[in-house]
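Undergrad: Got entry_6.cif for you, mmCIF, C-alpha atoms:
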```cif
data_run
loop_
_atom_site.label_atom_id
_atom_site.label_comp_id
_atom_site.auth_asym_id
_atom_site.auth_seq_id
_atom_site.Cartn_x
_atom_site.Cartn_y
_atom_site.Cartn_z
CA MET A 712 2.14 -29.12 8.99
CA ALA A 713 -0.54 -28.88 11.61
CA LYS A 714 -3.84 -27.37 10.63
CA LYS A 715 -5.10 -24.37 12.56
CA PRO A 716 -8.69 -23.83 13.65
CA ILE A 717 -10.17 -20.53 12.46
CA THR A 718 -13.52 -18.82 12.89
CA VAL A 719 -14.41 -16.32 10.20
CA THR A 720 -17.73 -14.60 9.60
CA VAL A 721 -18.31 -15.00 5.88
CA ASP A 722 -21.25 -13.16 4.34
CA GLY A 723 -22.85 -12.93 7.75
CA VAL A 724 -22.43 -16.60 8.67
CA SER A 725 -19.92 -17.72 11.28
CA CYS A 726 -17.69 -20.47 9.86
CA THR A 727 -15.32 -22.57 11.97
CA ASP A 728 -12.84 -24.70 10.04
CA ASP A 729 -9.38 -26.20 10.19
CA VAL A 730 -7.01 -24.84 7.58
CA GLU A 731 -3.37 -25.24 6.70
CA PRO A 732 -1.52 -22.00 7.47
CA ARG A 733 -0.52 -21.72 3.82
CA THR A 734 -4.14 -21.78 2.63
CA LEU A 735 -4.92 -18.49 0.93
CA LEU A 736 -8.13 -16.74 1.87
CA VAL A 737 -9.44 -17.12 -1.67
CA GLN A 738 -8.78 -20.88 -1.62
CA TYR A 739 -10.60 -21.15 1.69
CA LEU A 740 -13.58 -19.25 0.31
CA ARG A 741 -13.76 -21.19 -2.95
CA ASP A 742 -12.57 -24.69 -2.11
CA GLN A 743 -13.63 -25.10 1.50
CA LEU A 744 -16.76 -22.94 1.66
CA GLY A 745 -17.82 -23.28 -1.98
CA LYS A 746 -18.01 -19.51 -2.43
CA THR A 747 -16.94 -19.65 -6.07
CA GLY A 748 -18.33 -16.19 -6.82
CA THR A 749 -14.93 -14.84 -5.83
CA LEU A 750 -12.55 -15.56 -8.70
CA VAL A 751 -8.83 -16.08 -9.06
CA GLY A 752 -7.52 -14.15 -12.03
CA CYS A 753 -3.81 -13.43 -12.01
CA ASP A 754 -2.99 -14.95 -8.60
CA THR A 755 -0.24 -12.30 -8.30
CA THR A 756 -1.95 -9.35 -6.53
CA ASN A 757 -2.45 -7.46 -9.78
CA CYS A 758 -5.86 -8.05 -11.31
CA GLY A 759 -8.26 -7.61 -8.39
CA ALA A 760 -10.70 -10.36 -9.48
CA CYS A 761 -10.40 -11.90 -6.00
CA THR A 762 -11.33 -8.67 -4.17
CA VAL A 763 -13.44 -9.19 -1.03
CA HIS A 764 -14.06 -7.03 2.02
CA LEU A 765 -12.26 -7.70 5.29
CA ASP A 766 -14.01 -5.88 8.13
CA GLY A 767 -15.61 -3.60 5.55
CA ARG A 768 -12.58 -2.67 3.44
CA SER A 769 -11.39 -4.17 0.17
CA VAL A 770 -8.50 -6.64 0.10
CA LYS A 771 -7.11 -9.07 -2.45
CA SER A 772 -7.99 -12.50 -1.12
CA CYS A 773 -5.21 -14.17 -3.13
CA THR A 774 -2.69 -12.22 -1.07
CA MET A 775 -3.84 -13.08 2.40
CA PHE A 776 -3.80 -16.31 4.38
CA ALA A 777 -7.07 -17.68 5.75
CA VAL A 778 -5.47 -17.79 9.22
CA GLN A 779 -5.06 -14.01 9.05
CA ALA A 780 -8.84 -13.68 8.73
CA ASP A 781 -9.42 -15.61 11.96
CA GLY A 782 -11.81 -13.58 14.12
CA HIS A 783 -12.63 -11.16 11.31
CA ALA A 784 -15.58 -10.62 8.96
CA VAL A 785 -15.32 -11.29 5.24
CA THR A 786 -17.89 -10.17 2.69
CA THR A 787 -17.83 -11.63 -0.81
CA ILE A 788 -19.82 -10.86 -3.93
CA GLU A 789 -22.23 -13.59 -2.75
CA GLY A 790 -23.11 -11.64 0.36
CA ILE A 791 -24.34 -8.33 -1.02
CA ALA A 792 -27.67 -9.10 -2.70
CA SER A 793 -30.87 -8.99 -0.64
CA ASP A 794 -32.18 -12.17 0.97
CA ASP A 795 -35.07 -12.12 -1.52
CA GLY A 796 -32.57 -12.28 -4.38
CA ALA A 797 -32.86 -8.64 -5.46
CA LEU A 798 -29.50 -7.41 -6.72
CA HIS A 799 -27.52 -4.89 -4.71
CA PRO A 800 -27.80 -1.41 -6.32
CA MET A 801 -24.17 -1.65 -7.44
CA GLN A 802 -24.79 -5.05 -9.06
CA GLN A 803 -27.90 -3.64 -10.73
CA ALA A 804 -25.92 -0.63 -11.98
CA PHE A 805 -23.31 -2.92 -13.57
CA HIS A 806 -26.16 -4.83 -15.24
CA ASP A 807 -27.95 -1.69 -16.40
CA SER A 808 -24.80 0.02 -17.69
CA HIS A 809 -23.52 -3.03 -19.58
CA ALA A 810 -20.42 -2.75 -17.43
CA LEU A 811 -19.19 -6.24 -18.25
CA GLN A 812 -18.48 -8.40 -21.23
CA CYS A 813 -16.92 -11.71 -20.18
CA GLY A 814 -17.71 -10.97 -16.54
CA PHE A 815 -14.59 -12.44 -15.00
CA CYS A 816 -13.45 -9.18 -13.39
CA THR A 817 -16.98 -8.22 -12.30
CA PRO A 818 -17.12 -9.67 -8.76
CA GLY A 819 -13.88 -7.90 -7.87
CA MET A 820 -14.92 -4.73 -9.67
CA ILE A 821 -18.17 -4.59 -7.72
CA MET A 822 -16.51 -5.24 -4.37
CA GLN A 823 -13.93 -2.51 -5.05
CA SER A 824 -16.69 -0.18 -6.27
CA LEU A 825 -18.46 -0.60 -2.94
CA ASP A 826 -15.19 0.25 -1.20
CA ILE A 827 -14.96 3.45 -3.25
CA VAL A 828 -18.47 4.44 -2.15
CA THR A 829 -17.60 4.03 1.55
CA GLU A 830 -15.08 6.86 1.19
CA HIS A 831 -16.60 8.75 -1.76
CA PRO A 832 -20.40 8.61 -1.68
CA ASP A 833 -20.64 10.55 -4.94
CA PRO A 834 -17.36 9.88 -6.74
CA ASP A 835 -16.34 11.83 -9.84
CA GLU A 836 -14.87 10.03 -12.82
CA ALA A 837 -11.24 10.62 -11.82
CA THR A 838 -11.86 9.27 -8.33
CA VAL A 839 -13.46 6.12 -9.73
CA ARG A 840 -10.62 5.54 -12.19
CA GLU A 841 -7.91 6.12 -9.57
CA ASN A 842 -9.53 3.79 -7.11
CA LEU A 843 -10.07 1.04 -9.66
CA GLU A 844 -6.31 1.04 -10.24
CA GLY A 845 -6.04 -2.43 -8.72
CA ASN A 846 -8.77 -4.02 -10.84
CA LEU A 847 -8.06 -5.03 -14.41
CA CYS A 848 -10.68 -5.56 -17.10
CA ARG A 849 -9.50 -6.92 -20.43
CA CYS A 850 -12.84 -6.55 -22.25
CA THR A 851 -14.67 -3.32 -21.67
CA GLY A 852 -12.15 -0.50 -21.84
CA TYR A 853 -13.57 0.60 -18.47
CA GLN A 854 -15.94 3.28 -19.83
CA ASN A 855 -19.14 1.57 -18.77
CA ILE A 856 -17.60 0.31 -15.54
CA VAL A 857 -16.90 3.91 -14.50
CA LYS A 858 -20.47 4.90 -15.45
CA ALA A 859 -21.84 1.97 -13.46
CA VAL A 860 -19.90 2.86 -10.33
CA GLN A 861 -21.18 6.43 -10.45
CA ALA A 862 -24.76 5.29 -11.13
CA GLY A 863 -24.57 2.66 -8.40
CA ALA A 864 -23.24 5.23 -5.93
CA ARG A 865 -26.15 7.58 -6.71
CA GLN A 866 -28.61 4.73 -6.30
CA MET A 867 -27.07 3.76 -2.96
CA ALA A 868 -27.38 7.38 -1.80
CA GLY A 869 -31.11 7.11 -2.46
CA GLY A 870 -31.17 8.89 -5.79
CA THR A 871 -31.90 7.51 -9.21
CA PRO A 872 -29.11 6.71 -11.62
CA ASP A 873 -28.74 9.23 -14.42
CA ALA A 874 -30.75 7.50 -17.13
CA THR A 875 -28.80 8.83 -20.11
CA GLU A 876 -25.44 7.85 -18.66
CA ALA A 877 -26.53 4.54 -17.22
CA GLY A 878 -28.23 3.53 -20.46
CA ALA A 879 -25.41 4.41 -22.80
CA ALA A 880 -23.88 1.28 -24.28
CA MET B 299 0.03 -20.80 -6.64
CA ILE B 300 0.48 -22.28 -3.22
CA PRO B 301 3.40 -21.59 -0.88
CA THR B 302 5.43 -24.43 0.62
CA ALA B 303 4.09 -25.61 3.97
CA PHE B 304 5.13 -23.71 7.08
CA GLU B 305 4.33 -23.47 10.75
CA TYR B 306 2.42 -20.33 11.72
CA GLU B 307 2.41 -18.37 14.95
CA SER B 308 0.55 -15.13 15.67
CA PRO B 309 1.88 -13.77 18.97
CA THR B 310 0.09 -10.92 20.72
CA THR B 311 3.17 -9.30 22.26
CA VAL B 312 6.52 -8.13 20.89
CA GLU B 313 8.27 -10.24 23.56
CA ASP B 314 6.58 -13.43 22.34
CA ALA B 315 7.40 -12.54 18.75
CA LEU B 316 11.08 -12.04 19.61
CA ARG B 317 11.17 -15.35 21.46
CA LEU B 318 9.70 -17.12 18.41
CA LEU B 319 12.30 -15.48 16.17
CA ALA B 320 15.12 -16.53 18.50
CA GLU B 321 13.86 -20.13 18.66
CA GLY B 322 13.18 -20.36 14.95
CA GLY B 323 16.70 -19.56 13.81
CA GLU B 324 17.35 -18.67 10.21
CA ASP B 325 14.29 -20.25 8.65
CA VAL B 326 11.78 -17.75 10.00
CA LYS B 327 9.98 -14.99 8.17
CA VAL B 328 8.14 -12.11 9.81
CA LEU B 329 4.71 -11.40 8.32
CA ALA B 330 3.08 -7.99 8.65
CA GLY B 331 0.60 -7.07 5.91
CA GLY B 332 2.01 -9.73 3.61
CA GLN B 333 1.66 -7.70 0.42
CA SER B 334 5.30 -8.32 -0.49
CA LEU B 335 5.98 -11.52 1.46
CA ILE B 336 2.96 -13.55 0.31
CA PRO B 337 3.72 -13.06 -3.41
CA VAL B 338 7.32 -14.13 -2.71
CA LEU B 339 6.09 -17.23 -0.87
CA LYS B 340 3.65 -18.08 -3.66
CA LEU B 341 6.45 -17.88 -6.21
CA ARG B 342 8.44 -20.10 -3.84
CA LEU B 343 11.31 -17.64 -3.85
CA ALA B 344 11.24 -18.21 -0.10
CA GLY B 345 10.13 -21.28 1.84
CA PRO B 346 10.43 -20.59 5.56
CA GLU B 347 9.78 -23.26 8.21
CA LEU B 348 8.00 -20.77 10.43
CA ILE B 349 6.06 -17.57 9.85
CA VAL B 350 5.60 -15.15 12.73
CA ASP B 351 2.59 -12.93 12.05
CA LEU B 352 2.77 -9.53 13.79
CA GLY B 353 -0.83 -8.73 12.83
CA ARG B 354 -2.27 -9.51 16.26
CA ILE B 355 0.11 -7.33 18.28
CA GLU B 356 -2.16 -4.40 19.20
CA GLY B 357 0.56 -1.93 20.21
CA LEU B 358 2.27 -1.96 16.83
CA ARG B 359 -0.53 -0.25 14.95
CA GLY B 360 -1.55 3.39 14.79
CA VAL B 361 -0.19 6.93 14.63
CA ARG B 362 0.42 9.00 17.77
CA GLU B 363 2.20 12.17 18.83
CA ASP B 364 5.18 12.08 21.16
CA GLY B 365 6.48 15.58 21.79
CA ASP B 366 8.10 16.92 18.65
CA ALA B 367 7.71 13.65 16.76
CA LEU B 368 5.04 11.46 15.24
CA VAL B 369 5.29 7.79 16.09
CA ILE B 370 3.94 5.52 13.39
CA GLY B 371 3.47 1.92 14.48
CA ALA B 372 5.15 -0.59 12.19
CA THR B 373 1.96 -2.46 11.26
CA THR B 374 -0.08 0.66 10.49
CA PRO B 375 -1.56 0.08 7.02
CA HIS B 376 -0.62 2.48 4.21
CA HIS B 377 -4.23 3.60 3.93
CA GLU B 378 -4.27 4.63 7.58
CA VAL B 379 -1.05 6.64 7.14
CA ALA B 380 -2.34 8.28 3.96
CA THR B 381 -5.60 9.36 5.61
CA SER B 382 -4.29 10.27 9.08
CA ALA B 383 -5.02 13.86 10.14
CA LEU B 384 -1.88 13.84 12.31
CA VAL B 385 0.30 12.74 9.42
CA ARG B 386 -1.28 15.33 7.14
CA GLU B 387 -0.53 18.08 9.64
CA HIS B 388 3.01 17.12 10.64
CA ALA B 389 4.45 14.93 7.86
CA ALA B 390 2.53 15.79 4.68
CA LEU B 391 5.11 14.02 2.53
CA LEU B 392 4.01 10.66 3.92
CA VAL B 393 0.39 11.32 2.94
CA GLU B 394 1.56 11.90 -0.63
CA ALA B 395 3.85 8.87 -0.75
CA ALA B 396 1.76 6.31 1.16
CA GLY B 397 -1.21 7.20 -1.04
CA THR B 398 0.66 6.11 -4.17
CA VAL B 399 1.72 2.64 -2.97
CA ALA B 400 0.35 -0.06 -5.30
CA ASP B 401 -3.46 0.10 -5.28
CA PRO B 402 -6.26 0.63 -2.72
CA GLN B 403 -6.62 -3.04 -1.80
CA VAL B 404 -2.89 -3.38 -1.18
CA ARG B 405 -2.91 -0.15 0.84
CA HIS B 406 -5.57 -1.61 3.12
CA ARG B 407 -3.35 -4.60 3.99
CA GLY B 408 0.23 -3.50 3.36
CA THR B 409 1.97 -1.87 6.30
CA PHE B 410 4.20 1.17 6.71
CA GLY B 411 6.88 -0.71 8.65
CA GLY B 412 6.67 -3.79 6.47
CA ALA B 413 7.37 -1.80 3.31
CA LEU B 414 10.32 -0.04 4.96
CA VAL B 415 11.90 -3.27 6.20
CA HIS B 416 11.31 -4.87 2.79
CA ALA B 417 13.43 -1.98 1.42
CA ASP B 418 12.62 -2.42 -2.24
CA PRO B 419 14.66 0.24 -4.10
CA ALA B 420 11.51 1.08 -6.10
CA GLY B 421 9.31 1.20 -2.99
CA ASP B 422 7.67 4.53 -2.24
CA LEU B 423 8.36 4.94 1.48
CA PRO B 424 12.14 4.71 1.98
CA ALA B 425 12.99 7.98 0.17
CA PRO B 426 10.36 10.02 2.06
CA ALA B 427 11.46 8.44 5.37
CA LEU B 428 15.05 9.45 4.60
CA ALA B 429 14.05 12.95 3.50
CA LEU B 430 12.06 13.48 6.70
CA GLY B 431 14.93 12.34 8.92
CA ALA B 432 12.92 9.48 10.39
CA SER B 433 14.41 7.14 12.96
CA PHE B 434 13.59 3.49 13.41
CA GLU B 435 12.82 1.72 16.68
CA ILE B 436 14.04 -1.85 16.51
CA ALA B 437 13.29 -4.40 19.23
CA GLY B 438 15.65 -7.31 19.75
CA PRO B 439 16.88 -9.74 22.40
CA ALA B 440 18.97 -6.99 24.02
CA GLY B 441 16.15 -4.44 24.13
CA VAL B 442 15.12 -1.57 21.86
CA ARG B 443 17.62 0.39 19.79
CA THR B 444 17.05 3.40 17.57
CA VAL B 445 18.62 3.68 14.13
CA ALA B 446 18.71 6.84 12.01
CA ALA B 447 17.33 6.67 8.46
CA GLU B 448 20.78 7.14 6.90
CA ASP B 449 21.98 3.98 8.70
CA PHE B 450 18.76 2.00 8.29
CA PHE B 451 18.86 1.32 4.55
CA VAL B 452 21.91 -0.87 4.00
CA ASP B 453 21.46 -2.27 0.50
CA LEU B 454 18.94 -3.73 -1.92
CA PHE B 455 16.22 -5.37 0.24
CA THR B 456 18.52 -5.06 3.26
CA THR B 457 18.08 -2.91 6.34
CA ALA B 458 19.67 -2.61 9.78
CA VAL B 459 16.98 -4.93 11.19
CA GLY B 460 18.67 -8.20 12.17
CA GLU B 461 17.29 -11.75 11.83
CA ASP B 462 16.34 -11.77 15.52
CA GLU B 463 14.88 -8.25 15.55
CA ILE B 464 11.58 -6.55 14.73
CA LEU B 465 10.90 -2.98 13.61
CA THR B 466 8.26 -1.73 16.05
CA ALA B 467 7.81 1.94 15.15
CA VAL B 468 9.10 4.80 13.04
CA ARG B 469 9.64 8.21 14.64
CA VAL B 470 9.17 11.10 12.25
CA PRO B 471 10.19 14.59 13.43
CA LYS B 472 7.22 16.92 13.08
CA ARG B 473 7.50 19.35 10.20
CA THR B 474 4.35 21.27 10.84
CA GLY B 475 3.52 23.78 8.13
CA TRP B 476 5.84 22.15 5.61
CA THR B 477 4.20 21.26 2.31
CA ALA B 478 5.08 18.28 0.18
CA ALA B 479 4.86 16.46 -3.12
CA TYR B 480 5.81 12.98 -4.26
CA GLU B 481 6.35 12.81 -8.01
CA LYS B 482 6.32 9.24 -9.23
CA PHE B 483 6.97 8.21 -12.81
CA VAL B 484 5.31 5.01 -14.01
CA ARG B 485 4.23 3.82 -17.45
CA VAL B 486 1.07 2.05 -16.34
CA ALA B 487 -1.19 2.14 -13.31
CA GLN B 488 -0.14 0.19 -10.23
CA GLN B 489 3.50 -0.05 -11.37
CA TRP B 490 6.56 0.25 -9.14
CA SER B 491 8.31 3.60 -9.49
CA ILE B 492 10.68 3.80 -12.45
CA VAL B 493 11.96 6.88 -10.63
CA ALA B 494 10.27 9.03 -8.01
CA VAL B 495 11.26 12.18 -6.16
CA ALA B 496 9.99 13.14 -2.72
CA ALA B 497 10.13 16.79 -1.74
CA THR B 498 9.01 18.67 1.32
CA VAL B 499 9.60 22.40 1.74
CA ARG B 500 8.92 25.25 4.09
CA VAL B 501 8.03 28.45 2.26
CA GLU B 502 8.44 31.78 4.03
CA ASP B 503 7.60 35.13 2.46
CA GLY B 504 7.39 33.57 -0.96
CA VAL B 505 10.81 31.90 -0.92
CA ILE B 506 11.95 28.41 0.02
CA ALA B 507 13.30 28.60 3.57
CA ASP B 508 14.00 24.88 3.94
CA ALA B 509 13.90 21.89 1.62
CA ARG B 510 14.39 18.16 2.04
CA LEU B 511 14.41 15.70 -0.86
CA GLY B 512 14.60 11.95 -1.36
CA LEU B 513 15.13 9.90 -4.51
CA THR B 514 13.40 6.57 -5.16
CA ASN B 515 15.03 3.92 -7.39
CA MET B 516 18.14 5.93 -8.21
CA GLY B 517 20.39 3.37 -6.49
CA SER B 518 20.16 0.32 -4.26
CA THR B 519 19.06 2.50 -1.33
CA PRO B 520 17.17 5.81 -1.16
CA ILE B 521 19.25 8.94 -1.70
CA ARG B 522 19.08 12.38 -0.12
CA PRO B 523 20.60 15.02 -2.44
CA ALA B 524 21.90 17.36 0.26
CA ALA B 525 23.63 19.79 -2.13
CA VAL B 526 20.38 20.33 -4.04
CA GLU B 527 18.53 20.99 -0.80
CA GLN B 528 21.05 23.75 -0.05
CA ASN B 529 20.72 25.20 -3.56
CA LEU B 530 16.97 25.57 -3.11
CA VAL B 531 17.14 27.68 0.03
CA GLY B 532 16.30 31.31 -0.69
CA LEU B 533 14.78 30.64 -4.10
CA ALA B 534 11.34 31.61 -5.29
CA PRO B 535 9.65 28.31 -6.11
CA VAL B 536 9.18 28.91 -9.82
CA GLY B 537 10.12 26.55 -12.60
CA GLU B 538 13.29 28.19 -13.99
CA ALA B 539 14.97 28.91 -10.67
CA VAL B 540 14.14 25.45 -9.36
CA GLU B 541 15.29 23.79 -12.55
CA GLY B 542 18.75 25.30 -12.12
CA ALA B 543 18.91 24.37 -8.44
CA VAL B 544 18.07 20.70 -9.07
CA ALA B 545 20.26 20.31 -12.19
CA ASP B 546 22.74 18.09 -10.34
CA VAL B 547 20.15 16.06 -8.44
CA ALA B 548 21.35 12.83 -10.08
CA ALA B 549 25.05 13.48 -9.46
CA GLY B 550 26.74 10.46 -7.95
CA THR B 551 23.68 8.22 -8.27
CA THR B 552 23.80 4.68 -9.67
CA PRO B 553 20.32 4.06 -11.04
CA PRO B 554 19.42 0.68 -12.54
CA ASP B 555 19.62 0.11 -16.27
CA ASP B 556 16.74 -2.13 -17.32
CA LEU B 557 13.75 -2.58 -19.64
CA ASN B 558 11.92 0.29 -17.96
CA GLY B 559 14.70 2.76 -18.73
CA THR B 560 18.42 3.25 -19.08
CA ALA B 561 20.45 4.74 -16.27
CA ASP B 562 20.81 7.98 -18.26
CA TYR B 563 17.07 8.15 -18.82
CA ARG B 564 16.53 7.75 -15.08
CA ARG B 565 18.99 10.58 -14.36
CA HIS B 566 16.97 12.75 -16.74
CA LEU B 567 13.75 11.71 -15.02
CA ALA B 568 15.21 12.57 -11.62
CA ARG B 569 15.91 16.15 -12.77
CA VAL B 570 12.43 16.60 -14.27
CA LEU B 571 10.65 15.02 -11.31
CA ALA B 572 12.72 16.99 -8.79
CA ARG B 573 11.67 20.25 -10.43
CA ARG B 574 8.02 19.19 -10.52
CA ALA B 575 8.09 17.94 -6.94
CA VAL B 576 9.65 21.10 -5.52
CA VAL B 577 7.39 23.44 -7.50
CA ARG B 578 4.27 21.48 -6.60
CA ALA B 579 5.31 21.11 -2.96
CA ALA B 580 5.91 24.85 -2.66
CA GLY B 581 2.57 25.63 -4.25
CA ALA B 582 0.63 23.10 -2.20
#
```
For the file at hand, write its structure as structure tokens.

TA:
Amino acid sequence: MAKKPITVTVDGVSCTDDVEPRTLLVQYLRDQLGKTGTLVGCDTTNCGACTVHLDGRSVKSCTMFAVQADGHAVTTIEGIASDDGALHPMQQAFHDSHALQCGFCTPGMIMQSLDIVTEHPDPDEATVRENLEGNLCRCTGYQNIVKAVQAGARQMAGGTPDATEAGAA
Amino acid sequence: MIPTAFEYESPTTVEDALRLLAEGGEDVKVLAGGQSLIPVLKLRLAGPELIVDLGRIEGLRGVREDGDALVIGATTPHHEVATSALVREHAALLVEAAGTVADPQVRHRGTFGGALVHADPAGDLPAPALALGASFEIAGPAGVRTVAAEDFFVDLFTTAVGEDEILTAVRVPKRTGWTAAYEKFVRVAQQWSIVAVAATVRVEDGVIADARLGLTNMGSTPIRPAAVEQNLVGLAPVGEAVEGAVADVAAGTTPPDDLNGTADYRRHLARVLARRAVVRAAGA
């Protein structure tokens, strides 16, 4: 089948490539662009490890074709830290709160957490849990992930994360 | 998992999309948000020669008012329906139901029309669409026709939309001032409904003046329990009175019998969820 030319802005960089129509967005990101920070977990739209942002909102990149992203902007976990390498406040919050064990779900968790903050700048626990419905973690039991999202949101709003909560293991 | 190879077209007008469908014959699939189709393609349960992506047809997306109806474009994402001020004001039941579909990421991509045409018996939009008396605008080679909700859902994964047709919009009669609840029973997060009950009511002077209900996953198509709706009229929306009125909500239904629950268990769930939905809707 004929390849299609696409132009996608990925982490702020315009990329023009030829892809097969059946190429999934996550394959394009990982195999063609080398953006292996975005992971494939279940490959069945359940686990959320492949979550990226499309035009600023979270999507599962295993359940979208690269051709559908033509002309759009994609942000991956590799595009959120500062140019000088400083972690994004949400990444830092996950680090500080011990919000990961094996780390496989973390890129997707962080991208979905940022999506939560766009609609809920100061989310309560229930809001965080409801909106992480599409992201599975098989290690942590979610407690510290929820704490991290709330701490990261406060940090992004310009405040300081609640030290007792953020530091609890 | 990688789908079989296919040709891909992304027309920008409904006319071009219809032409591609006509030329493509039987081996064509229409792609909207892809949240049901892409998993099917990845599992290779389908292997079309051609995929026609409706995602670049501007006019198919968005919610607008048209007289006494809301018109919801077929490719409007669930998230947009669930957060629309117009939908909240005139069709509150859809805010409730669209907000429970799958998970946030899927709601950003999955579309209102796509889910309705997919017509999964456990999907969360068919029963509310039926309860609200929605009608479906379907474009085909002979022009646009309108199909009522009771004629739209034909069977499991089957609607009135033909192979050479496209659902373009759903018209929902405004029910301004009606309140609503969608009670969905699942064992784990992100699951398809084992059973769900959609209810929207109009309360006047403390009693139910009007009620419309829809049942999800109690048969191969959504079900509107008309007798129960009648029973509810004139009742105070409190638990005991409502419980009696909805006692026969599962009468005549043919729910599935599977690992998630027996048919009898689902009939029980329908009664419990109907009571909860009506009471919560009336108190909302």

Undergrad: Have a look at CA of Leu513 in chain B and CA of Val404 in chain B and let me know their distance in Å, one decimal.

TA: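 These two atoms are separated by 22.6 Å.
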
Undergrad: Within 6 Å of chain A, which residues of chain B come that close, and what is the closest atom pair and distance in Å for each? Count all atoms listed in the file and give it as JSON lines.

TA:
```
{"residue": "B:Ile336", "atom": "CA", "partner": "A:Thr774", "partner_atom": "CA", "distance": 6.0}
{"residue": "B:Asp401", "atom": "CA", "partner": "A:Gly845", "partner_atom": "CA", "distance": 5.0}
{"residue": "B:Gln403", "atom": "CA", "partner": "A:Val770", "partner_atom": "CA", "distance": 4.5}
```

Undergrad: Go ahead and save the residues from that selection, with C-alpha atoms, as a PDB file, in the frame of the given file.

TA:
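The resulting again.pdb:
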```pdb
ATOM      1  CA  ILE B 336       2.960 -13.550   0.310  1.00  0.00           C
ATOM      2  CA  ASP B 401      -3.460   0.100  -5.280  1.00  0.00           C
ATOM      3  CA  GLN B 403      -6.620  -3.040  -1.800  1.00  0.00           C
TER       4      GLN B 403
END
```

Undergrad: At what distance in Å, to one decimal, does CA of Asp503 in chain B lie from CA of Arg569 in chain B?

TA: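 Rounded to one decimal, the two atoms are 25.7 Å apart.
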
Undergrad: Which neighbours of range 862-867 of chain A fall inside 10 Å, counting all atoms listed in the file, when residues of the same chain fewer than 6 positions from it are skipped, and could you give them as a count of residues only?

TA: 24

Undergrad: Taking into account all atoms listed in the file, which residue in the set B:Arg522, B:Arg578, B:Arg473, B:Lys482 is nearest to Thr551 in chain B?

TA: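 Using all atoms listed in the file, Thr551 in chain B sits closest to B:Arg522.
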
Undergrad: List the residues matched by the PyMOL selection byres ((chain B and resi 466) around 7) in the displayed structure as a ChimeraX atom specification, ordered by chain and then by residue number.

TA: /B:358,371-372,435-437,464-465,467

Undergrad: Given the choices B:Pro337, B:Pro346, B:Gly353, B:Gly542, which gets closest to Gly323 in chain B if the distance is worked out from all atoms listed in the file?

TA: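 Using all atoms listed in the file, Gly323 in chain B sits closest to B:Pro346.
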
Undergrad: So the first atom is CA of Pro439 in chain B and the second is CA of Glu324 in chain B; what is the distance between them in Å, to one decimal place?

TA: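 According to the coordinates, CA of Pro439 in chain B and CA of Glu324 in chain B are separated by 15.1 Å.
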
Undergrad: Skip Glu356 in chain B itself and residues of its chain fewer than 2 positions away, then list as a PyMOL selection string all residues within 10 Å of it, counting only C-alpha atoms.

TA: chain B and resi 310-312+352-354+358-360+371+373

Undergrad: Could you get me a file of range 716-748 of chain A with C-alpha atoms, as a JSON list (two decimals), in the first residue's frame, taken from the block above?

TA:
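Output saved as out.json:
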```json
[["chain", "number", "residue", "atom", "x", "y", "z"],
["A", 716, "PRO", "CA", 3.38, 11.97, 3.52],
["A", 717, "ILE", "CA", 2.57, 13.53, 6.90],
["A", 718, "THR", "CA", 3.79, 16.59, 8.76],
["A", 719, "VAL", "CA", 3.42, 16.46, 12.51],
["A", 720, "THR", "CA", 4.83, 18.83, 15.10],
["A", 721, "VAL", "CA", 6.36, 16.53, 17.71],
["A", 722, "ASP", "CA", 7.63, 18.10, 20.92],
["A", 723, "GLY", "CA", 7.88, 21.43, 19.15],
["A", 724, "VAL", "CA", 9.76, 20.15, 16.10],
["A", 725, "SER", "CA", 8.08, 19.87, 12.71],
["A", 726, "CYS", "CA", 8.57, 16.37, 11.28],
["A", 727, "THR", "CA", 7.74, 15.40, 7.70],
["A", 728, "ASP", "CA", 7.76, 11.69, 6.94],
["A", 729, "ASP", "CA", 6.19, 9.03, 4.77],
["A", 730, "VAL", "CA", 4.16, 6.48, 6.68],
["A", 731, "GLU", "CA", 1.98, 3.52, 5.85],
["A", 732, "PRO", "CA", -1.64, 4.36, 6.68],
["A", 733, "ARG", "CA", -1.73, 1.46, 9.13],
["A", 734, "THR", "CA", 1.20, 2.83, 11.15],
["A", 735, "LEU", "CA", 0.01, 3.63, 14.65],
["A", 736, "LEU", "CA", 0.99, 6.97, 16.12],
["A", 737, "VAL", "CA", 2.98, 5.24, 18.85],
["A", 738, "GLN", "CA", 4.93, 3.21, 16.28],
["A", 739, "TYR", "CA", 5.70, 6.38, 14.35],
["A", 740, "LEU", "CA", 6.92, 8.10, 17.50],
["A", 741, "ARG", "CA", 9.05, 5.19, 18.69],
["A", 742, "ASP", "CA", 10.27, 3.47, 15.54],
["A", 743, "GLN", "CA", 10.50, 6.32, 13.06],
["A", 744, "LEU", "CA", 11.34, 9.27, 15.32],
["A", 745, "GLY", "CA", 13.14, 7.34, 18.06],
["A", 746, "LYS", "CA", 10.93, 8.84, 20.77],
["A", 747, "THR", "CA", 11.05, 5.72, 22.92],
["A", 748, "GLY", "CA", 9.98, 7.59, 26.05]]
```
